[in-house]
$ cat query.cif   # mmCIF, C-alpha atoms
data_target
#
loop_
_atom_site.label_atom_id
_atom_site.label_comp_id
_atom_site.auth_asym_id
_atom_site.auth_seq_id
_atom_site.Cartn_x
_atom_site.Cartn_y
_atom_site.Cartn_z
CA MET A 1 -111.05 46.16 -112.80
CA SER A 2 -111.37 42.44 -113.50
CA GLU A 3 -113.52 40.24 -111.31
CA LYS A 4 -111.88 38.16 -108.63
CA GLN A 5 -112.52 34.45 -108.98
CA VAL A 6 -113.84 32.82 -105.81
CA LEU A 7 -114.55 29.16 -105.07
CA VAL A 8 -117.27 28.28 -102.56
CA THR A 9 -117.45 24.58 -101.67
CA GLY A 10 -120.48 23.28 -99.80
CA ALA A 11 -122.46 26.03 -101.54
CA CYS A 12 -125.82 24.33 -100.94
CA GLY A 13 -125.44 24.38 -97.16
CA GLU A 14 -126.76 27.06 -94.80
CA ILE A 15 -123.50 29.05 -94.75
CA GLY A 16 -122.86 28.44 -98.43
CA GLN A 17 -126.14 29.84 -99.70
CA ALA A 18 -125.90 32.94 -97.50
CA LEU A 19 -122.25 33.53 -98.47
CA VAL A 20 -122.89 33.24 -102.21
CA GLN A 21 -125.77 35.74 -101.91
CA GLU A 22 -123.60 38.22 -100.00
CA LEU A 23 -120.64 37.89 -102.41
CA ALA A 24 -123.00 38.49 -105.33
CA LYS A 25 -124.48 41.53 -103.56
CA ARG A 26 -120.99 42.96 -103.07
CA GLY A 27 -120.14 42.56 -106.76
CA GLY A 28 -116.70 42.18 -108.33
CA TYR A 29 -116.59 38.39 -107.92
CA LYS A 30 -116.86 35.52 -110.36
CA ILE A 31 -118.30 32.83 -108.09
CA VAL A 32 -117.62 29.16 -108.79
CA THR A 33 -119.64 26.81 -106.60
CA ALA A 34 -119.17 23.16 -105.69
CA ASP A 35 -121.42 20.74 -103.85
CA PHE A 36 -122.62 17.15 -103.88
CA MET A 37 -126.10 18.53 -104.65
CA PRO A 38 -127.45 20.69 -107.49
CA LEU A 39 -127.71 24.38 -106.60
CA PRO A 40 -130.97 25.54 -105.02
CA ASP A 41 -132.96 28.19 -106.91
CA SER A 42 -131.94 30.81 -104.31
CA ILE A 43 -128.39 30.98 -105.67
CA LYS A 44 -128.52 29.25 -109.07
CA SER A 45 -128.32 32.49 -111.04
CA LEU A 46 -125.47 33.83 -108.89
CA SER A 47 -122.97 31.09 -109.69
CA SER A 48 -120.89 31.43 -112.87
CA GLU A 49 -120.28 27.67 -112.79
CA HIS A 50 -121.38 24.83 -110.53
CA VAL A 51 -119.32 21.67 -110.11
CA GLN A 52 -121.53 18.90 -108.76
CA GLY A 53 -120.21 15.68 -107.24
CA ASP A 54 -117.91 14.28 -104.59
CA LEU A 55 -115.40 17.06 -103.91
CA VAL A 56 -112.51 14.71 -103.16
CA TYR A 57 -112.70 13.43 -106.75
CA LYS A 58 -113.51 16.79 -108.35
CA ILE A 59 -110.63 18.91 -107.02
CA LYS A 60 -108.28 18.00 -109.85
CA THR A 61 -110.66 19.83 -112.21
CA PHE A 62 -109.93 23.09 -110.37
CA TYR A 63 -106.19 23.23 -111.08
CA ASP A 64 -106.76 25.35 -114.20
CA TYR A 65 -108.86 27.93 -112.35
CA ASP A 66 -107.38 31.23 -111.17
CA PHE A 67 -108.89 31.45 -107.69
CA ASP A 68 -108.06 34.48 -105.57
CA THR A 69 -109.99 33.10 -102.60
CA ILE A 70 -111.32 29.70 -101.57
CA PHE A 71 -114.13 29.36 -99.02
CA HIS A 72 -114.04 25.69 -98.07
CA LEU A 73 -117.40 25.10 -96.41
CA ALA A 74 -118.08 21.50 -97.46
CA ALA A 75 -118.13 19.16 -94.46
CA SER A 76 -119.82 16.20 -92.82
CA LEU A 77 -121.32 17.77 -89.69
CA SER A 78 -121.00 16.67 -86.07
CA SER A 79 -123.95 14.33 -85.51
CA LYS A 80 -123.60 12.61 -88.88
CA ALA A 81 -119.82 12.35 -88.47
CA GLU A 82 -120.25 10.36 -85.23
CA VAL A 83 -122.25 7.73 -87.08
CA ALA A 84 -120.08 7.50 -90.20
CA THR A 85 -116.60 8.29 -88.88
CA GLU A 86 -114.51 7.03 -91.83
CA GLU A 87 -116.68 8.84 -94.35
CA ALA A 88 -116.50 12.01 -92.24
CA HIS A 89 -112.70 11.80 -92.16
CA ARG A 90 -112.59 11.33 -95.93
CA ILE A 91 -114.83 14.33 -96.59
CA ASN A 92 -113.57 16.63 -93.85
CA VAL A 93 -109.85 15.89 -93.93
CA GLU A 94 -109.10 14.50 -97.41
CA GLY A 95 -111.24 17.15 -99.10
CA THR A 96 -109.55 19.94 -97.13
CA MET A 97 -106.05 18.62 -97.74
CA GLN A 98 -106.64 18.28 -101.49
CA LEU A 99 -107.85 21.89 -101.65
CA LEU A 100 -104.93 23.12 -99.55
CA MET A 101 -102.52 21.39 -101.95
CA LEU A 102 -104.29 23.12 -104.85
CA ALA A 103 -104.03 26.52 -103.13
CA ALA A 104 -100.36 25.89 -102.24
CA TYR A 105 -99.57 24.94 -105.84
CA ARG A 106 -101.27 28.02 -107.28
CA SER A 107 -99.75 30.37 -104.71
CA GLU A 108 -96.24 29.14 -105.49
CA LYS A 109 -96.63 28.93 -109.26
CA TYR A 110 -98.24 32.35 -109.76
CA LYS A 111 -96.41 34.10 -106.90
CA LYS A 112 -99.71 35.28 -105.43
CA ALA A 113 -101.05 33.99 -102.12
CA VAL A 114 -104.43 32.31 -102.49
CA LYS A 115 -106.62 33.17 -99.48
CA PHE A 116 -108.08 30.05 -97.93
CA LEU A 117 -111.04 30.74 -95.60
CA PHE A 118 -111.98 27.80 -93.39
CA PRO A 119 -115.00 27.54 -91.08
CA SER A 120 -113.85 25.72 -87.97
CA SER A 121 -116.03 25.09 -84.94
CA ILE A 122 -116.45 25.14 -81.17
CA ALA A 123 -116.36 21.35 -81.64
CA VAL A 124 -112.53 21.60 -81.54
CA TYR A 125 -112.89 22.14 -77.79
CA GLY A 126 -113.36 19.24 -75.40
CA MET A 127 -114.15 19.81 -71.74
CA SER A 128 -113.51 16.70 -69.66
CA ASN A 129 -116.82 16.93 -67.77
CA LEU A 130 -119.72 19.27 -67.04
CA GLU A 131 -118.09 20.60 -63.89
CA GLU A 132 -114.97 21.61 -65.85
CA LYS A 133 -117.16 23.22 -68.53
CA ILE A 134 -118.94 25.41 -66.01
CA LYS A 135 -115.66 26.22 -64.22
CA ALA A 136 -113.87 27.14 -67.48
CA GLY A 137 -116.54 29.67 -68.53
CA VAL A 138 -115.22 31.70 -71.46
CA VAL A 139 -112.52 29.82 -73.40
CA LYS A 140 -109.58 31.19 -75.43
CA GLU A 141 -108.30 29.72 -78.73
CA ASP A 142 -105.48 27.66 -77.21
CA ASP A 143 -107.46 26.22 -74.28
CA TRP A 144 -109.11 22.79 -74.17
CA ASN A 145 -108.10 21.72 -77.71
CA THR A 146 -109.06 18.13 -76.89
CA PRO A 147 -112.16 17.38 -79.01
CA HIS A 148 -114.49 14.52 -78.13
CA THR A 149 -115.97 14.05 -81.61
CA MET A 150 -114.77 12.98 -85.03
CA TYR A 151 -115.99 16.31 -86.42
CA GLY A 152 -114.03 18.23 -83.77
CA CYS A 153 -110.91 16.16 -84.43
CA ASN A 154 -111.26 16.74 -88.16
CA LYS A 155 -111.66 20.50 -87.74
CA LEU A 156 -108.71 20.84 -85.35
CA TYR A 157 -106.47 18.77 -87.61
CA CYS A 158 -107.51 20.80 -90.68
CA GLU A 159 -106.61 24.01 -88.81
CA LYS A 160 -103.14 22.53 -88.29
CA LEU A 161 -102.93 21.43 -91.93
CA GLY A 162 -103.84 24.97 -93.01
CA MET A 163 -101.05 26.41 -90.88
CA TYR A 164 -98.63 23.82 -92.25
CA TYR A 165 -99.43 24.58 -95.90
CA GLY A 166 -99.33 28.31 -95.19
CA LYS A 167 -96.01 28.34 -93.32
CA TYR A 168 -94.03 25.11 -93.48
CA PHE A 169 -95.01 23.08 -96.57
CA GLY A 170 -91.83 21.44 -97.83
CA GLN A 171 -90.03 23.61 -95.24
CA LYS A 172 -89.80 26.17 -98.05
CA HIS A 173 -89.65 28.99 -95.53
CA LEU A 174 -86.07 27.88 -94.88
CA ASP A 175 -85.02 28.65 -98.48
CA SER A 176 -82.96 31.76 -99.09
CA ASN A 177 -85.62 32.88 -101.56
CA PRO A 178 -88.85 31.34 -100.24
CA PRO A 179 -91.83 30.99 -102.58
CA VAL A 180 -95.24 32.60 -102.00
CA MET A 181 -97.29 30.41 -99.66
CA LEU A 182 -101.08 30.25 -99.34
CA ASP A 183 -102.84 32.51 -96.83
CA PHE A 184 -104.87 30.33 -94.42
CA ARG A 185 -107.50 31.94 -92.17
CA ALA A 186 -110.00 30.10 -89.97
CA ILE A 187 -112.94 31.08 -87.79
CA ARG A 188 -114.23 28.87 -84.98
CA PHE A 189 -117.97 29.29 -85.27
CA PRO A 190 -120.46 28.77 -82.46
CA GLY A 191 -123.88 27.24 -83.20
CA LEU A 192 -125.12 29.06 -86.32
CA ILE A 193 -128.79 29.79 -86.89
CA SER A 194 -130.30 30.84 -90.21
CA ALA A 195 -133.81 32.27 -90.49
CA PHE A 196 -134.05 31.25 -94.14
CA THR A 197 -132.97 27.60 -94.25
CA LEU A 198 -134.26 24.69 -92.21
CA PRO A 199 -132.06 23.14 -89.48
CA SER A 200 -130.14 20.21 -90.94
CA GLY A 201 -129.68 17.96 -87.90
CA GLY A 202 -126.58 19.57 -86.41
CA THR A 203 -125.82 19.04 -82.74
CA SER A 204 -126.58 22.70 -81.94
CA ASP A 205 -129.83 22.72 -83.94
CA TYR A 206 -132.10 22.10 -80.94
CA GLY A 207 -132.68 25.85 -80.58
CA PRO A 208 -133.99 26.60 -84.08
CA GLU A 209 -135.76 23.19 -84.24
CA MET A 210 -137.68 24.22 -81.12
CA LEU A 211 -138.89 27.47 -82.71
CA HIS A 212 -139.80 25.84 -86.04
CA ALA A 213 -141.86 23.21 -84.22
CA ALA A 214 -143.57 25.82 -82.03
CA ALA A 215 -144.53 27.92 -85.06
CA GLN A 216 -146.16 24.85 -86.65
CA ASP A 217 -148.03 23.83 -83.47
CA LYS A 218 -145.99 20.63 -83.37
CA PRO A 219 -144.75 19.14 -80.09
CA TYR A 220 -140.97 19.13 -79.71
CA ALA A 221 -138.83 17.00 -77.41
CA CYS A 222 -135.49 18.79 -76.99
CA PHE A 223 -132.57 16.36 -77.11
CA VAL A 224 -130.51 18.24 -74.48
CA ARG A 225 -131.17 19.26 -70.86
CA GLU A 226 -132.77 22.58 -69.94
CA ASP A 227 -129.51 23.91 -68.43
CA THR A 228 -127.40 23.12 -71.52
CA LYS A 229 -125.56 26.29 -72.50
CA ILE A 230 -123.42 27.06 -75.55
CA SER A 231 -122.68 30.03 -77.78
CA PHE A 232 -124.91 30.87 -80.77
CA MET A 233 -124.82 33.33 -83.66
CA ALA A 234 -127.14 34.65 -86.37
CA MET A 235 -126.16 33.55 -89.87
CA PRO A 236 -125.70 37.16 -91.14
CA ASP A 237 -123.01 37.65 -88.48
CA ALA A 238 -121.25 34.46 -89.58
CA ILE A 239 -121.16 35.70 -93.18
CA LYS A 240 -120.06 39.15 -92.03
CA SER A 241 -117.16 37.60 -90.09
CA LEU A 242 -115.96 35.54 -93.07
CA LEU A 243 -115.94 38.59 -95.33
CA MET A 244 -114.28 40.76 -92.69
CA LEU A 245 -111.52 38.20 -92.19
CA MET A 246 -111.09 37.85 -95.96
CA ASP A 247 -110.62 41.62 -96.32
CA VAL A 248 -108.13 42.29 -93.51
CA PRO A 249 -104.48 42.65 -94.62
CA ARG A 250 -102.36 39.66 -93.60
CA GLU A 251 -99.86 41.82 -91.71
CA LYS A 252 -102.59 42.82 -89.24
CA LEU A 253 -103.19 39.21 -88.23
CA SER A 254 -101.10 37.51 -85.55
CA ASN A 255 -103.06 34.26 -85.77
CA ASN A 256 -104.49 31.86 -88.32
CA VAL A 257 -107.45 30.82 -86.18
CA TYR A 258 -109.96 33.08 -84.42
CA ASN A 259 -112.87 32.60 -82.04
CA ILE A 260 -115.93 34.72 -82.64
CA ALA A 261 -118.97 35.02 -80.36
CA ALA A 262 -122.39 36.69 -80.21
CA PHE A 263 -124.57 35.34 -77.37
CA ALA A 264 -124.59 32.30 -75.09
CA ILE A 265 -127.95 31.00 -73.86
CA THR A 266 -129.45 27.81 -72.41
CA ALA A 267 -131.95 25.43 -73.97
CA GLU A 268 -134.47 26.69 -71.40
CA ASP A 269 -133.85 30.26 -72.64
CA PHE A 270 -134.82 29.05 -76.13
CA ARG A 271 -137.95 27.44 -74.68
CA GLN A 272 -138.97 30.64 -72.92
CA ARG A 273 -138.50 32.63 -76.14
CA ALA A 274 -140.62 30.04 -78.00
CA LEU A 275 -143.39 30.24 -75.39
CA LYS A 276 -143.36 34.03 -75.46
CA ALA A 277 -143.75 34.03 -79.24
CA PHE A 278 -146.08 31.00 -79.45
CA PRO A 279 -147.89 30.58 -76.08
CA ASP A 280 -149.40 27.20 -77.07
CA ALA A 281 -145.98 25.65 -77.85
CA LYS A 282 -145.54 22.13 -76.49
CA ILE A 283 -141.85 21.77 -75.65
CA SER A 284 -140.43 19.05 -73.45
CA PHE A 285 -136.89 17.89 -72.65
CA ASP A 286 -135.74 14.36 -73.45
CA SER A 287 -131.97 14.37 -73.25
CA ASN A 288 -130.23 12.06 -75.74
CA PRO A 289 -127.10 10.75 -73.94
CA ARG A 290 -124.89 10.78 -77.05
CA ARG A 291 -125.86 14.22 -78.29
CA GLN A 292 -125.94 15.61 -74.74
CA GLY A 293 -122.40 14.34 -74.19
CA ILE A 294 -121.21 16.15 -77.30
CA VAL A 295 -122.74 19.49 -76.29
CA ASP A 296 -121.50 19.12 -72.71
CA SER A 297 -117.94 18.84 -74.07
CA TRP A 298 -118.23 22.25 -75.78
CA PRO A 299 -117.58 25.45 -73.82
CA GLU A 300 -120.41 27.63 -72.55
CA ASP A 301 -118.87 30.58 -74.39
CA VAL A 302 -115.65 31.62 -76.13
CA ASP A 303 -113.29 34.57 -75.79
CA ASP A 304 -113.23 36.47 -79.10
CA SER A 305 -111.07 39.38 -77.93
CA LEU A 306 -108.36 38.52 -80.49
CA ALA A 307 -110.77 38.91 -83.42
CA ARG A 308 -112.18 42.11 -81.90
CA SER A 309 -108.76 43.70 -81.43
CA GLU A 310 -107.06 42.55 -84.66
CA TRP A 311 -109.81 42.90 -87.25
CA GLY A 312 -112.59 44.79 -85.55
CA TRP A 313 -115.01 41.91 -85.12
CA LYS A 314 -118.32 42.78 -83.48
CA PRO A 315 -121.65 40.99 -83.96
CA GLU A 316 -124.69 42.86 -85.26
CA TYR A 317 -127.13 40.59 -83.43
CA ASP A 318 -127.22 40.22 -79.67
CA VAL A 319 -129.77 37.81 -78.21
CA ASP A 320 -132.71 40.24 -78.28
CA ARG A 321 -132.06 41.53 -81.76
CA PHE A 322 -131.52 37.96 -82.98
CA PHE A 323 -134.97 36.85 -81.88
CA ASP A 324 -136.96 40.05 -82.35
CA ASP A 325 -135.50 41.46 -85.59
CA TYR A 326 -134.09 38.42 -87.39
CA PHE A 327 -135.36 34.97 -86.49
CA LEU A 328 -138.96 35.31 -85.28
CA PRO A 329 -140.18 37.62 -88.09
CA GLU A 330 -139.00 35.11 -90.71
CA ILE A 331 -140.43 32.14 -88.80
CA ARG A 332 -143.82 33.89 -88.61
CA LYS A 333 -143.67 34.67 -92.32
CA ARG A 334 -142.72 31.09 -93.22
CA TYR A 335 -145.60 29.54 -91.30
CA GLY A 336 -148.17 32.33 -91.67
CA LYS A 337 -148.20 33.24 -87.95
#
$ encode --input "query.cif" --output "structure tokens"
Amino acid sequence: MSEKQVLVTGACGEIGQALVQELAKRGGYKIVTADFMPLPDSIKSLSSEHVQGDLVYKIKTFYDYDFDTIFHLAASLSSKAEVATEEAHRINVEGTMQLLMLAAYRSEKYKKAVKFLFPSSIAVYGMSNLEEKIKAGVVKEDDWNTPHTMYGCNKLYCEKLGMYYGKYFGQKHLDSNPPVMLDFRAIRFPGLISAFTLPSGGTSDYGPEMLHAAAQDKPYACFVREDTKISFMAMPDAIKSLLMLMDVPREKLSNNVYNIAAFAITAEDFRQRALKAFPDAKISFDSNPRRQGIVDSWPEDVDDSLARSEWGWKPEYDVDRFFDDYFLPEIRKRYGK
């Protein structure tokens, strides 16, 4: 059986590196990677070809490739996107649209739906104030789709673009003999934490940043309040969910976009875990109004019952297993603790 050709954009990022490693472990895939940066050593040997540069200008080079699946992970993340909004829109929206057009073209021309896997985010949600956030509790996919950030707006719009190119592009579904359309599937991720890569300044990175600082005996001033609560997930579960959603037959899916969840904890919970593991940790709270406002607009937790019922989603790591079996052992190893 011939290998399936897969494109992974944003391959140098936290999700990208973990996904490439897991695809390679599975076998049967010819993995093409793309990123602004050169590939790190961890995945260099796993990529059959790496396209380096600005994705928006590189996509035209992919029209001759026979991709079965595209994992479009490249993005300008939430904190950075608030500072450079136009650049974030160009990367997050233009890059996605160009790739969707590529997938739509190939699906129609070769009469085979290209699967397009898109990592969306809890940033698509926007609670009007902290009181509403607490009152709302666990949020479903169609609730509170009123993002407060450029990143959230970009992600929500790209979800809609994916649905458009998968169902309505050129209104081809109205033809008597409609062409094959692309197969768009998105997951709204909570805050993702990898034990193997360093936090990269994301708005939800205060948790892992706290533990990394504690393990190095460095003081850490957390940029959100102690009572700040959002949903988190171990990186292996994020990769598992992407591969599960890739594998499920289209006819089993009623939606294009799915919430997934693992555990929701407060910043103080992270601090207590850090102190338990590293009793001399010096952790304080110094809320940054801008970043605090972003996290306060995200729900405390999400309802992932749709993913659980339609494609059997279930996380491997609850909060205890995340800290005890996954994150803390690697942190100790990294810093010789």
$ atom_distance --input "query.cif" --atom1 "CA of Lys44 in chain A" --atom2 "CA of Ser78 in chain A"
27.3 Å
$ closest_residue --input "query.cif" --among "A:Ala267, A:Ala11, A:Ala103, A:Val6" --to "Asp41 in chain A" --atoms "all atoms listed in the file"
A:Ala11
$ resolve_selection --input "query.cif" --expression "the PyMOL selection byres ((chain A and resi 13) around 10)" --output "MDAnalysis selection string"
chainID A and resid 9:12 14:19 35 37 39:40 73:75 197 200
$ closest_residue --input "query.cif" --among "A:Thr69, A:Ser231, A:Asn255, A:Thr203" --to "Pro299 in chain A" --atoms "all atoms listed in the file"
A:Ser231
$ residues_around --input "query.cif" --residues "Ser48 in chain A" --least-positions-apart "6" --cutoff "8 Å" --atoms "all atoms listed in the file" --output "compact mmCIF listing (two decimals) with C-alpha atoms, in the coordinates of the input"
# COMPACT_ATOMS: atom_id res chain seq x y z
CA LYS A 30 -116.86 35.52 -110.36
CA ILE A 31 -118.30 32.83 -108.09
CA VAL A 32 -117.62 29.16 -108.79
CA THR A 33 -119.64 26.81 -106.60
$ closest_residue --input "query.cif" --among "A:Ala234, A:Val51, A:Met181, A:Val8" --to "Glu316 in chain A" --atoms "all atoms listed in the file"
A:Ala234
$ resolve_selection --input "query.cif" --expression "the PyMOL selection byres ((chain A and resi 273-279) around 10)" --output "PyMOL selection string"
chain A and resi 207-208+210-217+267-272+280-283+320+323-324+328+332+337
$ closest_residue --input "query.cif" --among "A:Tyr165, A:Tyr125, A:Phe285, A:Phe232" --to "Ser107 in chain A" --atoms "only C-alpha atoms"
A:Tyr165
$ resolve_selection --input "query.cif" --expression "the PyMOL selection byres ((chain A and resi 117) around 9)" --output "list in words"
Thr69, Ile70, Phe71, His72, Leu73, Lys115, Phe116, Phe118, Pro119, Asp183, Phe184, Arg185, Ala186, Ile187, Leu242, Leu245 and Met246 of chain A
$ write_last_selection --input "query.cif" --atoms "C-alpha atoms" --output "mmCIF file, keeping the file's coordinate frame"
data_model
loop_
_atom_site.group_PDB
_atom_site.id
_atom_site.type_symbol
_atom_site.label_atom_id
_atom_site.label_comp_id
_atom_site.auth_asym_id
_atom_site.auth_seq_id
_atom_site.Cartn_x
_atom_site.Cartn_y
_atom_site.Cartn_z
ATOM 1 C CA THR A 69 -109.990 33.100 -102.600
ATOM 2 C CA ILE A 70 -111.320 29.700 -101.570
ATOM 3 C CA PHE A 71 -114.130 29.360 -99.020
ATOM 4 C CA HIS A 72 -114.040 25.690 -98.070
ATOM 5 C CA LEU A 73 -117.400 25.100 -96.410
ATOM 6 C CA LYS A 115 -106.620 33.170 -99.480
ATOM 7 C CA PHE A 116 -108.080 30.050 -97.930
ATOM 8 C CA PHE A 118 -111.980 27.800 -93.390
ATOM 9 C CA PRO A 119 -115.000 27.540 -91.080
ATOM 10 C CA ASP A 183 -102.840 32.510 -96.830
ATOM 11 C CA PHE A 184 -104.870 30.330 -94.420
ATOM 12 C CA ARG A 185 -107.500 31.940 -92.170
ATOM 13 C CA ALA A 186 -110.000 30.100 -89.970
ATOM 14 C CA ILE A 187 -112.940 31.080 -87.790
ATOM 15 C CA LEU A 242 -115.960 35.540 -93.070
ATOM 16 C CA LEU A 245 -111.520 38.200 -92.190
ATOM 17 C CA MET A 246 -111.090 37.850 -95.960
#
$ closest_residue --input "query.cif" --among "A:Pro315, A:Gly95, A:Pro147, A:Gly53" --to "Ile239 in chain A" --atoms "only C-alpha atoms"
A:Pro315
$ closest_residue --input "query.cif" --among "A:Phe322, A:Glu22, A:Ile134, A:Glu310" --to "Leu192 in chain A" --atoms "all atoms listed in the file"
A:Phe322
$ atom_distance --input "query.cif" --atom1 "CA of Val319 in chain A" --atom2 "CA of Ala123 in chain A"
21.5 Å
$ decode --input "query.cif" --residues "range 224-232 of chain A" --atoms "all heavy atoms" --output "PDB file, in the first residue's frame"
ATOM      1  N   VAL A 224      -1.675  36.354  35.773  1.00  0.00           N
ATOM      2  CA  VAL A 224      -3.128  36.346  36.000  1.00  0.00           C
ATOM      3  C   VAL A 224      -3.405  36.175  37.494  1.00  0.00           C
ATOM      4  O   VAL A 224      -2.525  35.796  38.265  1.00  0.00           O
ATOM      5  CB  VAL A 224      -3.846  35.225  35.203  1.00  0.00           C
ATOM      6  CG1 VAL A 224      -3.682  35.423  33.710  1.00  0.00           C
ATOM      7  CG2 VAL A 224      -3.349  33.838  35.625  1.00  0.00           C
ATOM      8  N   ARG A 225      -4.644  36.447  37.888  1.00  0.00           N
ATOM      9  CA  ARG A 225      -5.040  36.296  39.295  1.00  0.00           C
ATOM     10  C   ARG A 225      -5.049  34.830  39.729  1.00  0.00           C
ATOM     11  O   ARG A 225      -5.184  33.931  38.890  1.00  0.00           O
ATOM     12  CB  ARG A 225      -6.464  36.845  39.518  1.00  0.00           C
ATOM     13  CG  ARG A 225      -6.654  38.328  39.402  1.00  0.00           C
ATOM     14  CD  ARG A 225      -8.122  38.668  39.747  1.00  0.00           C
ATOM     15  NE  ARG A 225      -9.061  37.717  39.152  1.00  0.00           N
ATOM     16  CZ  ARG A 225      -9.581  37.839  37.936  1.00  0.00           C
ATOM     17  NH1 ARG A 225      -9.275  38.867  37.178  1.00  0.00           N
ATOM     18  NH2 ARG A 225     -10.418  36.921  37.476  1.00  0.00           N
ATOM     19  N   GLU A 226      -4.999  34.628  41.058  1.00  0.00           N
ATOM     20  CA  GLU A 226      -5.027  33.282  41.617  1.00  0.00           C
ATOM     21  C   GLU A 226      -6.280  32.504  41.223  1.00  0.00           C
ATOM     22  O   GLU A 226      -6.241  31.296  41.012  1.00  0.00           O
ATOM     23  CB  GLU A 226      -4.975  33.334  43.165  1.00  0.00           C
ATOM     24  CG  GLU A 226      -3.722  33.994  43.725  1.00  0.00           C
ATOM     25  CD  GLU A 226      -3.945  35.456  44.080  1.00  0.00           C
ATOM     26  OE1 GLU A 226      -4.466  36.187  43.206  1.00  0.00           O
ATOM     27  OE2 GLU A 226      -3.601  35.863  45.196  1.00  0.00           O
ATOM     28  N   ASP A 227      -7.435  33.199  41.127  1.00  0.00           N
ATOM     29  CA  ASP A 227      -8.705  32.508  40.883  1.00  0.00           C
ATOM     30  C   ASP A 227      -8.995  32.302  39.398  1.00  0.00           C
ATOM     31  O   ASP A 227     -10.058  31.788  39.032  1.00  0.00           O
ATOM     32  CB  ASP A 227      -9.858  33.285  41.532  1.00  0.00           C
ATOM     33  CG  ASP A 227     -10.065  34.666  40.904  1.00  0.00           C
ATOM     34  OD1 ASP A 227      -9.149  35.158  40.203  1.00  0.00           O
ATOM     35  OD2 ASP A 227     -11.151  35.248  41.119  1.00  0.00           O
ATOM     36  N   THR A 228      -8.077  32.679  38.529  1.00  0.00           N
ATOM     37  CA  THR A 228      -8.279  32.526  37.082  1.00  0.00           C
ATOM     38  C   THR A 228      -8.370  31.041  36.725  1.00  0.00           C
ATOM     39  O   THR A 228      -7.475  30.259  37.030  1.00  0.00           O
ATOM     40  CB  THR A 228      -7.109  33.171  36.310  1.00  0.00           C
ATOM     41  OG1 THR A 228      -7.033  34.549  36.650  1.00  0.00           O
ATOM     42  CG2 THR A 228      -7.310  33.015  34.814  1.00  0.00           C
ATOM     43  N   LYS A 229      -9.465  30.682  36.064  1.00  0.00           N
ATOM     44  CA  LYS A 229      -9.701  29.276  35.748  1.00  0.00           C
ATOM     45  C   LYS A 229     -10.044  29.090  34.276  1.00  0.00           C
ATOM     46  O   LYS A 229     -10.946  29.755  33.750  1.00  0.00           O
ATOM     47  CB  LYS A 229     -10.855  28.735  36.609  1.00  0.00           C
ATOM     48  CG  LYS A 229     -11.112  27.238  36.448  1.00  0.00           C
ATOM     49  CD  LYS A 229     -12.259  26.796  37.359  1.00  0.00           C
ATOM     50  CE  LYS A 229     -12.532  25.310  37.255  1.00  0.00           C
ATOM     51  NZ  LYS A 229     -13.677  24.894  38.093  1.00  0.00           N
ATOM     52  N   ILE A 230      -9.302  28.209  33.615  1.00  0.00           N
ATOM     53  CA  ILE A 230      -9.626  27.809  32.242  1.00  0.00           C
ATOM     54  C   ILE A 230      -9.300  26.316  32.093  1.00  0.00           C
ATOM     55  O   ILE A 230      -8.748  25.694  32.993  1.00  0.00           O
ATOM     56  CB  ILE A 230      -8.874  28.623  31.158  1.00  0.00           C
ATOM     57  CG1 ILE A 230      -7.358  28.509  31.338  1.00  0.00           C
ATOM     58  CG2 ILE A 230      -9.327  30.069  31.138  1.00  0.00           C
ATOM     59  CD1 ILE A 230      -6.569  29.063  30.166  1.00  0.00           C
ATOM     60  N   SER A 231      -9.625  25.787  30.930  1.00  0.00           N
ATOM     61  CA  SER A 231      -9.406  24.376  30.634  1.00  0.00           C
ATOM     62  C   SER A 231      -8.009  24.163  30.060  1.00  0.00           C
ATOM     63  O   SER A 231      -7.531  24.963  29.261  1.00  0.00           O
ATOM     64  CB  SER A 231     -10.474  23.920  29.634  1.00  0.00           C
ATOM     65  OG  SER A 231     -10.379  22.547  29.392  1.00  0.00           O
ATOM     66  N   PHE A 232      -7.358  23.066  30.488  1.00  0.00           N
ATOM     67  CA  PHE A 232      -6.029  22.709  29.996  1.00  0.00           C
ATOM     68  C   PHE A 232      -6.021  21.270  29.494  1.00  0.00           C
ATOM     69  O   PHE A 232      -6.934  20.488  29.765  1.00  0.00           O
ATOM     70  CB  PHE A 232      -4.982  22.857  31.109  1.00  0.00           C
ATOM     71  CG  PHE A 232      -4.701  24.275  31.494  1.00  0.00           C
ATOM     72  CD1 PHE A 232      -5.390  24.876  32.542  1.00  0.00           C
ATOM     73  CD2 PHE A 232      -3.749  25.018  30.820  1.00  0.00           C
ATOM     74  CE1 PHE A 232      -5.138  26.190  32.907  1.00  0.00           C
ATOM     75  CE2 PHE A 232      -3.474  26.327  31.176  1.00  0.00           C
ATOM     76  CZ  PHE A 232      -4.173  26.919  32.228  1.00  0.00           C
TER      77      PHE A 232
END
